[in-house]
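*Asks:* Input file: work-v7.pdb. Contents: PDB, C-alpha atoms, pLDDT in the B column.
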ATOM      1  CA  MET U  22       0.000   0.000   0.000  1.00 42.00           C
ATOM      2  CA  LEU U  23       2.801   2.428   0.846  1.00 41.00           C
ATOM      3  CA  LYS U  24       4.440   2.156  -2.592  1.00 44.00           C
ATOM      4  CA  PHE U  25       1.364   3.877  -4.118  1.00 38.00           C
ATOM      5  CA  ALA U  26       1.297   6.790  -1.656  1.00 39.00           C
ATOM      6  CA  LEU U  27       4.334   8.653  -3.051  1.00 34.00           C
ATOM      7  CA  PRO U  28       3.160   8.709  -6.696  1.00 35.00           C
ATOM      8  CA  VAL U  29      -0.231  10.028  -5.575  1.00 32.00           C
ATOM      9  CA  VAL U  30       1.437  12.772  -3.516  1.00 32.00           C
ATOM     10  CA  ALA U  31       3.702  13.700  -6.457  1.00 34.00           C
ATOM     11  CA  LEU U  32       0.748  13.792  -8.871  1.00 32.00           C
ATOM     12  CA  THR U  33      -1.257  15.955  -6.443  1.00 33.00           C
ATOM     13  CA  ALA U  34       1.661  18.393  -6.101  1.00 34.00           C
ATOM     14  CA  ALA U  35       2.091  18.594  -9.885  1.00 34.00           C
ATOM     15  CA  CYS U  36      -1.582  19.446 -10.339  1.00 35.00           C
ATOM     16  CA  ASN U  37      -1.210  22.413  -7.968  1.00 34.00           C
ATOM     17  CA  MET U  38       1.600  24.055  -9.965  1.00 33.00           C
ATOM     18  CA  VAL U  39       1.555  26.749 -12.664  1.00 35.00           C
ATOM     19  CA  GLY U  40      -1.771  27.171 -14.444  1.00 38.00           C
ATOM     20  CA  SER U  41      -3.809  26.044 -11.466  1.00 37.00           C
ATOM     21  CA  PRO U  42      -5.816  28.374  -9.273  1.00 39.00           C
ATOM     22  CA  ALA U  43      -4.092  29.808  -6.232  1.00 40.00           C
ATOM     23  CA  VAL U  44      -4.206  27.841  -3.015  1.00 41.00           C
ATOM     24  CA  SER U  45      -7.801  27.646  -1.838  1.00 50.00           C
ATOM     25  CA  GLY U  46      -8.545  30.673   0.293  1.00 65.00           C
ATOM     26  CA  ASP U  47      -6.333  32.957  -1.762  1.00 90.00           C
ATOM     27  CA  ILE U  48      -7.228  35.197  -4.663  1.00 96.00           C
ATOM     28  CA  PRO U  49      -6.439  33.346  -7.932  1.00 96.00           C
ATOM     29  CA  ASN U  50      -3.096  34.289  -9.507  1.00 96.00           C
ATOM     30  CA  ALA U  51      -4.739  35.597 -12.704  1.00 97.00           C
ATOM     31  CA  LEU U  52      -6.351  38.405 -10.674  1.00 97.00           C
ATOM     32  CA  VAL U  53      -3.183  39.453  -8.811  1.00 97.00           C
ATOM     33  CA  GLY U  54      -1.584  42.721  -9.906  1.00 96.00           C
ATOM     34  CA  ALA U  55      -2.385  46.385 -10.481  1.00 96.00           C
ATOM     35  CA  TRP U  56      -5.549  47.366 -12.363  1.00 96.00           C
ATOM     36  CA  GLY U  57      -6.689  50.827 -13.430  1.00 96.00           C
ATOM     37  CA  MET U  58      -9.993  52.233 -14.617  1.00 95.00           C
ATOM     38  CA  ASN U  59      -7.888  54.227 -17.082  1.00 92.00           C
ATOM     39  CA  LEU U  60      -4.200  54.385 -18.004  1.00 89.00           C
ATOM     40  CA  ALA U  61      -3.581  57.443 -15.816  1.00 90.00           C
ATOM     41  CA  ASP U  62      -4.505  55.364 -12.749  1.00 92.00           C
ATOM     42  CA  CYS U  63      -1.540  53.101 -13.472  1.00 92.00           C
ATOM     43  CA  LYS U  64       0.970  55.922 -12.902  1.00 86.00           C
ATOM     44  CA  ASN U  65       0.783  55.162  -9.146  1.00 67.00           C
ATOM     45  CA  ASP U  66       0.533  58.762  -7.984  1.00 68.00           C
ATOM     46  CA  ALA U  67      -1.743  60.442  -5.451  1.00 63.00           C
ATOM     47  CA  ALA U  68      -4.446  61.057  -8.065  1.00 72.00           C
ATOM     48  CA  ALA U  69      -4.855  57.334  -8.878  1.00 82.00           C
ATOM     49  CA  LYS U  70      -8.382  57.029  -7.484  1.00 89.00           C
ATOM     50  CA  GLY U  71      -9.291  54.333 -10.041  1.00 93.00           C
ATOM     51  CA  LEU U  72      -6.379  52.034  -9.154  1.00 94.00           C
ATOM     52  CA  VAL U  73      -6.854  48.700  -7.385  1.00 95.00           C
ATOM     53  CA  ARG U  74      -3.931  46.514  -6.341  1.00 96.00           C
ATOM     54  CA  ILE U  75      -4.763  42.855  -5.783  1.00 97.00           C
ATOM     55  CA  SER U  76      -2.519  40.535  -3.787  1.00 95.00           C
ATOM     56  CA  GLY U  77      -3.034  36.984  -2.560  1.00 92.00           C
ATOM     57  CA  SER U  78      -5.640  38.012   0.009  1.00 95.00           C
ATOM     58  CA  GLU U  79      -6.240  41.773  -0.337  1.00 97.00           C
ATOM     59  CA  LEU U  80      -7.774  44.451  -2.513  1.00 97.00           C
ATOM     60  CA  LYS U  81      -6.150  47.870  -2.047  1.00 95.00           C
ATOM     61  CA  TYR U  82      -8.013  50.888  -3.361  1.00 93.00           C
ATOM     62  CA  TYR U  83      -7.220  54.615  -3.132  1.00 90.00           C
ATOM     63  CA  GLU U  84      -8.577  55.000   0.410  1.00 91.00           C
ATOM     64  CA  ALA U  85      -9.726  51.502   1.372  1.00 95.00           C
ATOM     65  CA  ARG U  86      -8.386  48.020   1.877  1.00 97.00           C
ATOM     66  CA  GLY U  87     -10.401  44.798   1.679  1.00 97.00           C
ATOM     67  CA  THR U  88      -9.232  41.506   3.173  1.00 97.00           C
ATOM     68  CA  LEU U  89     -10.609  38.234   1.838  1.00 97.00           C
ATOM     69  CA  THR U  90     -12.501  36.477   4.628  1.00 96.00           C
ATOM     70  CA  ALA U  91     -14.271  33.672   2.739  1.00 96.00           C
ATOM     71  CA  VAL U  92     -14.108  32.062  -0.692  1.00 96.00           C
ATOM     72  CA  ASN U  93     -17.530  31.083  -2.043  1.00 96.00           C
ATOM     73  CA  GLU U  94     -16.462  30.127  -5.585  1.00 96.00           C
ATOM     74  CA  GLU U  95     -13.058  29.986  -7.231  1.00 95.00           C
ATOM     75  CA  THR U  96     -11.707  29.183 -10.693  1.00 96.00           C
ATOM     76  CA  PRO U  97      -8.348  30.179 -12.205  1.00 96.00           C
ATOM     77  CA  THR U  98      -9.893  33.458 -13.504  1.00 97.00           C
ATOM     78  CA  ARG U  99     -12.800  34.135 -11.151  1.00 97.00           C
ATOM     79  CA  LEU U 100     -13.428  34.621  -7.450  1.00 97.00           C
ATOM     80  CA  VAL U 101     -16.667  35.044  -5.548  1.00 97.00           C
ATOM     81  CA  GLY U 102     -15.711  35.963  -2.032  1.00 97.00           C
ATOM     82  CA  ASP U 103     -16.508  37.887   1.106  1.00 97.00           C
ATOM     83  CA  PHE U 104     -14.273  40.818   1.998  1.00 97.00           C
ATOM     84  CA  ALA U 105     -13.895  42.907   5.158  1.00 97.00           C
ATOM     85  CA  PHE U 106     -13.061  46.501   4.201  1.00 97.00           C
ATOM     86  CA  GLU U 107     -11.499  49.345   6.166  1.00 97.00           C
ATOM     87  CA  GLY U 108     -10.979  52.921   5.072  1.00 95.00           C
ATOM     88  CA  GLU U 109     -11.385  56.505   6.180  1.00 92.00           C
ATOM     89  CA  GLY U 110     -12.148  55.414   9.756  1.00 95.00           C
ATOM     90  CA  GLN U 111     -14.948  53.044   8.758  1.00 95.00           C
ATOM     91  CA  ALA U 112     -15.363  49.276   8.344  1.00 96.00           C
ATOM     92  CA  TRP U 113     -17.811  47.375   6.143  1.00 95.00           C
ATOM     93  CA  LYS U 114     -18.322  43.985   4.484  1.00 96.00           C
ATOM     94  CA  ARG U 115     -19.037  43.131   0.867  1.00 96.00           C
ATOM     95  CA  GLN U 116     -19.484  40.045  -1.210  1.00 97.00           C
ATOM     96  CA  MET U 117     -17.553  40.576  -4.445  1.00 97.00           C
ATOM     97  CA  ILE U 118     -17.212  38.872  -7.781  1.00 98.00           C
ATOM     98  CA  LEU U 119     -13.828  39.376  -9.449  1.00 98.00           C
ATOM     99  CA  ASP U 120     -13.639  38.134 -13.026  1.00 98.00           C
ATOM    100  CA  VAL U 121     -10.665  38.318 -15.422  1.00 98.00           C
ATOM    101  CA  GLN U 122     -11.456  38.452 -19.155  1.00 97.00           C
ATOM    102  CA  ASP U 123      -9.754  39.256 -22.473  1.00 96.00           C
ATOM    103  CA  GLU U 124      -6.826  36.893 -21.912  1.00 95.00           C
ATOM    104  CA  GLY U 125      -5.999  38.450 -18.547  1.00 96.00           C
ATOM    105  CA  GLN U 126      -6.163  42.104 -19.608  1.00 97.00           C
ATOM    106  CA  THR U 127      -9.591  43.098 -18.221  1.00 98.00           C
ATOM    107  CA  LEU U 128     -10.923  42.822 -14.675  1.00 98.00           C
ATOM    108  CA  ILE U 129     -14.659  43.054 -14.053  1.00 98.00           C
ATOM    109  CA  THR U 130     -15.845  43.507 -10.464  1.00 98.00           C
ATOM    110  CA  ARG U 131     -19.305  43.441  -8.938  1.00 98.00           C
ATOM    111  CA  GLU U 132     -20.104  44.028  -5.298  1.00 96.00           C
ATOM    112  CA  TYR U 133     -23.106  43.165  -3.157  1.00 95.00           C
ATOM    113  CA  GLY U 134     -24.234  44.331   0.266  1.00 90.00           C
ATOM    114  CA  ALA U 135     -25.508  47.468   1.958  1.00 88.00           C
ATOM    115  CA  GLY U 136     -24.063  50.533   0.214  1.00 90.00           C
ATOM    116  CA  ALA U 137     -22.497  48.521  -2.621  1.00 93.00           C
ATOM    117  CA  ILE U 138     -21.679  50.217  -5.916  1.00 91.00           C
ATOM    118  CA  PRO U 139     -24.384  49.129  -8.385  1.00 94.00           C
ATOM    119  CA  GLY U 140     -23.468  47.466 -11.682  1.00 95.00           C
ATOM    120  CA  VAL U 141     -20.017  46.456 -12.812  1.00 97.00           C
ATOM    121  CA  GLN U 142     -16.659  48.178 -12.504  1.00 97.00           C
ATOM    122  CA  LYS U 143     -14.218  47.615 -15.371  1.00 98.00           C
ATOM    123  CA  TYR U 144     -10.429  47.803 -14.991  1.00 97.00           C
ATOM    124  CA  SER U 145      -7.503  47.224 -17.355  1.00 97.00           C
ATOM    125  CA  ARG U 146      -4.292  45.535 -16.266  1.00 97.00           C
ATOM    126  CA  CYS U 147      -1.574  48.107 -15.657  1.00 95.00           C
ATOM    127  CA  PRO U 148       1.549  47.743 -17.827  1.00 92.00           C
TER     128      PRO U 148
END
Can you turn what I pasted into structure tokens?

*Replies:*
Amino acid sequence: MLKFALPVVALTAACNMVGSPAVSGDIPNALVGAWGMNLADCKNDAAAKGLVRISGSELKYYEARGTLTAVNEETPTRLVGDFAFEGEGQAWKRQMILDVQDEGQTLITREYGAGAIPGVQKYSRCP
């Protein structure tokens, strides 16, 4: 029985490498990076109000930061998750859908909850 355990472990590890979604509980790798509502947002200056930086577990906006608290759905290019936000002395929660399209060049976000921005927000990957 033991001689089969190592090949299974090796196969499992190989399946979790490049091209797979991020480790469960993290934001998928395809969404990680800097995204701007327009090219000027990508200049990373004080006026970049349309810039969002996405890391393995956080969304960082101009004056707010959201931490991923729960993953509801995850694929290599999509995340439906719950986020706890803080900014300007306030705290709030949102469920968000983050969706990468156009071969990784466009990010579409939707948010749900009290005070959520209606509709979709569209961002382009910063160069």

*Asks:* Considering all atoms listed in the file, state which residue in the set U:Leu72, U:Met58, U:Met117, U:Val101 is at the smallest distance from Gly87 (chain U).

*Replies:*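 Ranking U:Leu72, U:Met58, U:Met117, U:Val101 by distance to Gly87 (chain U), first place goes to U:Met117.
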
*Asks:* Run through the PyMOL selection byres ((chain U and resi 135) around 12) on the given coordinates and return the selected residues as a VMD selection string.

*Replies:* chain U and resid 113 to 116 132 to 134 136 to 139

*Asks:* Include C-alpha atoms and write out the residues we just selected as an mmCIF file, in the coordinates of the input.

*Replies:*
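Writing done, so here's part.cif:
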data_model
loop_
_atom_site.group_PDB
_atom_site.id
_atom_site.type_symbol
_atom_site.label_atom_id
_atom_site.label_comp_id
_atom_site.auth_asym_id
_atom_site.auth_seq_id
_atom_site.Cartn_x
_atom_site.Cartn_y
_atom_site.Cartn_z
ATOM 1 C CA TRP U 113 -17.811 47.375 6.143
ATOM 2 C CA LYS U 114 -18.322 43.985 4.484
ATOM 3 C CA ARG U 115 -19.037 43.131 0.867
ATOM 4 C CA GLN U 116 -19.484 40.045 -1.210
ATOM 5 C CA GLU U 132 -20.104 44.028 -5.298
ATOM 6 C CA TYR U 133 -23.106 43.165 -3.157
ATOM 7 C CA GLY U 134 -24.234 44.331 0.266
ATOM 8 C CA GLY U 136 -24.063 50.533 0.214
ATOM 9 C CA ALA U 137 -22.497 48.521 -2.621
ATOM 10 C CA ILE U 138 -21.679 50.217 -5.916
ATOM 11 C CA PRO U 139 -24.384 49.129 -8.385
#

*Asks:* Translate the PyMOL selection byres ((chain U and resi 89) around 9) into a concrete residue list for this structure, as an MDAnalysis selection string.

*Replies:* chainID U and resid 46:48 77:80 87:88 90:92 102:106

*Asks:* So which one's closest to Arg74 (chain U), U:Leu52, U:Asn93, U:Glu109, U:Leu60? Using all atoms listed in the file, please.

*Replies:*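 Ranked by minimum distance to Arg74 (chain U), first place goes to U:Leu52.
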
*Asks:* Suppose you want the space between CA of Gly108 (chain U) and CA of Glu94 (chain U); what is it in Å?

*Replies:* 25.8 Å

*Asks:* Go ahead and compute the interatomic distance for CA of Gln142 (chain U) and CA of Asn59 (chain U), in Å to one decimal.

*Replies:*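 About the pair CA of Gln142 (chain U) and CA of Asn59 (chain U): they are 11.6 Å apart.
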
*Asks:* Could you state the separation of CA of Glu84 (chain U) and CA of Leu119 (chain U) in Å, given to one decimal place?

*Replies:* 19.2 Å

*Asks:* Nearest residue to Ser76 (chain U) out of U:Gln111, U:Gln122, U:Asn50, U:Ser145, using only C-alpha atoms?

*Replies:*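 Using only C-alpha atoms, Ser76 (chain U) sits closest to U:Asn50.
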
*Asks:* Excluding Gly71 (chain U) and its own-chain neighbours fewer than 2 positions away, which residues fall within 12 Å of it when counting all atoms listed in the file? Please give them as a PyMOL selection string.

*Replies:* chain U and resi 55-69+73-74+81-85+142-147

*Asks:* Taking into account all atoms listed in the file, which residue in the set U:Gly140, U:Gly54, U:Asp120, U:Ile75 is nearest to Thr96 (chain U)?

*Replies:* U:Asp120

*Asks:* Step by step, gather every atom of region 91-102 of chain U that the file lists, find the box along x, y and z that holds them, add 3 Å on each side, and finally give centre and edge lengths in Å to one decimal, as AutoDock Vina command-line options.

*Replies:*
--center_x -12.9 --center_y 32.6 --center_z -5.4 --size_x 15.2 --size_y 12.8 --size_z 22.2
